[in-house]
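Colleague: Have a look at this one.
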Amino acid sequence: MTSTLTSTLAFTKGHGTENDFVLLTDPDGLLTHDAVLAARLCDRRAGIGADGVIRAVRSDALPEGAAALAEDPTARWFMDYRNADGSLAEMCGNGVRVLVAHLLAEGLVEEAELRSGPGLAVGTRAGVRRVRRVRGPEGEDWLAVDMGPWHLIDPVGASDRGADAEVGVHGLDGVRRPGLSVDVGNPHTVVALASATELDAADLTRAPEVEPLPPHGTNVELVIVEDAVGAAGSSEAPLGIIRMRVHERGVGETRSCGTGACAAALAVRSWAGGTAAGAPERWLVHVPGGTVAVRALEGQRVELAGPAVLLARGEVDPALLGG
Ligand SMILES: N[C@@H](CCC[C@H](N)C(=O)O)C(=O)O
């Protein structure tokens, strides 16, 4: 992170539905945000402990930022995201909300930017994302992110299997369950389990076996669908309810995954036959760390909303990090 590993590094710790992150502020892109240091910071015993590291850097201070600025010249901040194992990820739905909360707390963006027009533009490796201030279902202060376009992933290309997968989940007596691979900026395979009992019994200390595996690996979401609220006979638009557990690429089981919640809702919608069949266009996704809301947007886009919590600030001596 620093060239000498002798000076301390300021950090903030935050989470979105308990998907937790170490945040570093590096406006001018002077830090070496490499895989080794990210893995050490994320170590839960010899480091600070987190599912990922987010470096807040100005888009014009790093090469990947050029594409973000070309897409939207107002995207002056970039989310440089690494997983707990140090690998780069294209996008993090919980992370982008926590990054924006951090930028606000540091006085680097204004609350007004979240409340006007389409919201604050943030560059990511998956493209520019826009973040707005919204109210949660119980009046909480939440952030909503336009997560951009999504598509099904066909890992084997032009086959009759399309994005369908078969997934072996550990802890379920060798049964294989149907999956659907969805790209929401990063890759996911959503797996439909048969019951809440299966969801609770699944062993996510190891990655589920996905066949065929998307080319860049995959995050895996195990889901069950609970009854939709406001369906048949009601004037209200139906609200789908999903329970989900997740095994993240580059991390392991986490308490939540924002992109994963979007993929889960989109897969469930697809299995239900889509809008034409009356499938809900908005969902609450319950994860072990809380609840997020997902909404289908026009133009095959999707929105994620949820909380962003900053809980600690401090300094760490990179020379003392173990791992
Ligand atoms: N937890 C994140 C996703 C983080 C990246 C993921 N592990 C990957 O490698 O794609 C989220 O909230 O979206």
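Residue numbers start at 1 in each chain; chains themselves are named A, B, ... in the order of the structure tokens; ligands are numbered from 1 in the order shown.
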Identify, on the basis of only C-alpha atoms, every residue whose closest approach to Gly139 in chain A does not exceed 12 Å; exclude the query and any residue fewer than 5 positions from it along the same chain; express the result as a list in words.

Modeller: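 The contact residues come out as Arg133, Val134, Gly306 and Pro307 of chain A.
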
Colleague: Could you dump the residues just selected with C-alpha atoms as a PDB file, in the first residue's frame?

Modeller:
ATOM      1  CA  ARG A 133     -30.938   8.639  -1.431  1.00  0.00           C
ATOM      2  CA  VAL A 134     -34.170   6.725  -0.805  1.00  0.00           C
ATOM      3  CA  GLY A 306     -30.272  -1.042   1.070  1.00  0.00           C
ATOM      4  CA  PRO A 307     -28.466   0.379   4.079  1.00  0.00           C
TER       5      PRO A 307
END

Colleague: Around ligand 1, which protein and nucleic acid residues have at least one atom no more than 8 Å from it, if we count only C-alpha atoms and all ligand atoms? List them as a ChimeraX atom specification.

Modeller: /A:16,19,51-52,81-83,87-96,186-188,218-219,248-251,254,256-261

Colleague: Go ahead and save the residues from that selection, with C-alpha atoms, as a PDB file, in the first residue's frame.

Modeller:
ATOM      1  CA  GLY A  16     -24.038  -3.110   3.934  1.00  0.00           C
ATOM      2  CA  ASN A  19     -21.188  -7.568   3.889  1.00  0.00           C
ATOM      3  CA  ASP A  51     -15.074  -9.398   2.845  1.00  0.00           C
ATOM      4  CA  GLY A  52     -13.320  -6.871   0.614  1.00  0.00           C
ATOM      5  CA  TYR A  81     -12.666  -3.120  -5.359  1.00  0.00           C
ATOM      6  CA  ARG A  82     -10.771  -6.231  -4.269  1.00  0.00           C
ATOM      7  CA  ASN A  83     -12.150  -9.411  -2.698  1.00  0.00           C
ATOM      8  CA  SER A  87      -8.674 -10.716  -6.484  1.00  0.00           C
ATOM      9  CA  LEU A  88     -10.247  -7.846  -8.407  1.00  0.00           C
ATOM     10  CA  ALA A  89     -14.016  -7.793  -8.889  1.00  0.00           C
ATOM     11  CA  GLU A  90     -15.877  -5.772 -11.473  1.00  0.00           C
ATOM     12  CA  MET A  91     -18.666  -4.649  -9.194  1.00  0.00           C
ATOM     13  CA  CYS A  92     -19.992  -4.785  -5.626  1.00  0.00           C
ATOM     14  CA  GLY A  93     -23.574  -3.709  -4.963  1.00  0.00           C
ATOM     15  CA  ASN A  94     -23.280  -3.429  -1.183  1.00  0.00           C
ATOM     16  CA  GLY A  95     -19.820  -1.920  -1.540  1.00  0.00           C
ATOM     17  CA  VAL A  96     -20.861   0.934  -3.815  1.00  0.00           C
ATOM     18  CA  ASN A 186     -20.061  -9.569 -12.219  1.00  0.00           C
ATOM     19  CA  PRO A 187     -20.975 -13.255 -12.616  1.00  0.00           C
ATOM     20  CA  HIS A 188     -23.534 -15.132 -10.503  1.00  0.00           C
ATOM     21  CA  THR A 218     -19.028 -17.289 -10.355  1.00  0.00           C
ATOM     22  CA  ASN A 219     -20.614 -16.133  -7.133  1.00  0.00           C
ATOM     23  CA  GLU A 248     -18.847 -15.261  -3.037  1.00  0.00           C
ATOM     24  CA  ARG A 249     -16.086 -15.698  -5.576  1.00  0.00           C
ATOM     25  CA  GLY A 250     -12.844 -14.648  -3.906  1.00  0.00           C
ATOM     26  CA  VAL A 251     -14.325 -14.662  -0.389  1.00  0.00           C
ATOM     27  CA  THR A 254     -20.722 -13.845   3.271  1.00  0.00           C
ATOM     28  CA  SER A 256     -24.982 -10.578   2.062  1.00  0.00           C
ATOM     29  CA  CYS A 257     -24.223  -9.766  -1.561  1.00  0.00           C
ATOM     30  CA  GLY A 258     -25.916  -6.870  -3.379  1.00  0.00           C
ATOM     31  CA  THR A 259     -25.168  -7.990  -6.925  1.00  0.00           C
ATOM     32  CA  GLY A 260     -26.155 -11.489  -5.787  1.00  0.00           C
ATOM     33  CA  ALA A 261     -29.530 -10.244  -4.542  1.00  0.00           C
TER      34      ALA A 261
END

Colleague: I'd like the neighbourhood of Ile54 in chain A as a PyMOL selection string, where a residue qualifies if any of its atoms comes within 7 Å (using only C-alpha atoms), though same-chain residues fewer than 4 positions away should be ignored.

Modeller: chain A and resi 21-24+79-82

Colleague: If you count only C-alpha atoms, which residues fall within 9 Å of Leu239 in chain A, apart from same-chain ones fewer than 6 positions away, as a ChimeraX atom specification?

Modeller: /A:227-231,280-284

Colleague: I want to know what sits within 12 Å of Val302 in chain A, based on only C-alpha atoms, with residues of the same chain fewer than 5 positions away left out; could you give that as a ChimeraX atom specification?

Modeller: /A:93,129-130,144-151,183-185,258-266,281-283,293-297

Colleague: May I ask which of the residues A:Ala305, A:Ile242, A:Ala165, A:Ala201 is the closest one to Pro137 in chain A, counting only C-alpha atoms?

Modeller: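 When distances to Pro137 in chain A are compared using only C-alpha atoms, the smallest one comes from A:Ala305.
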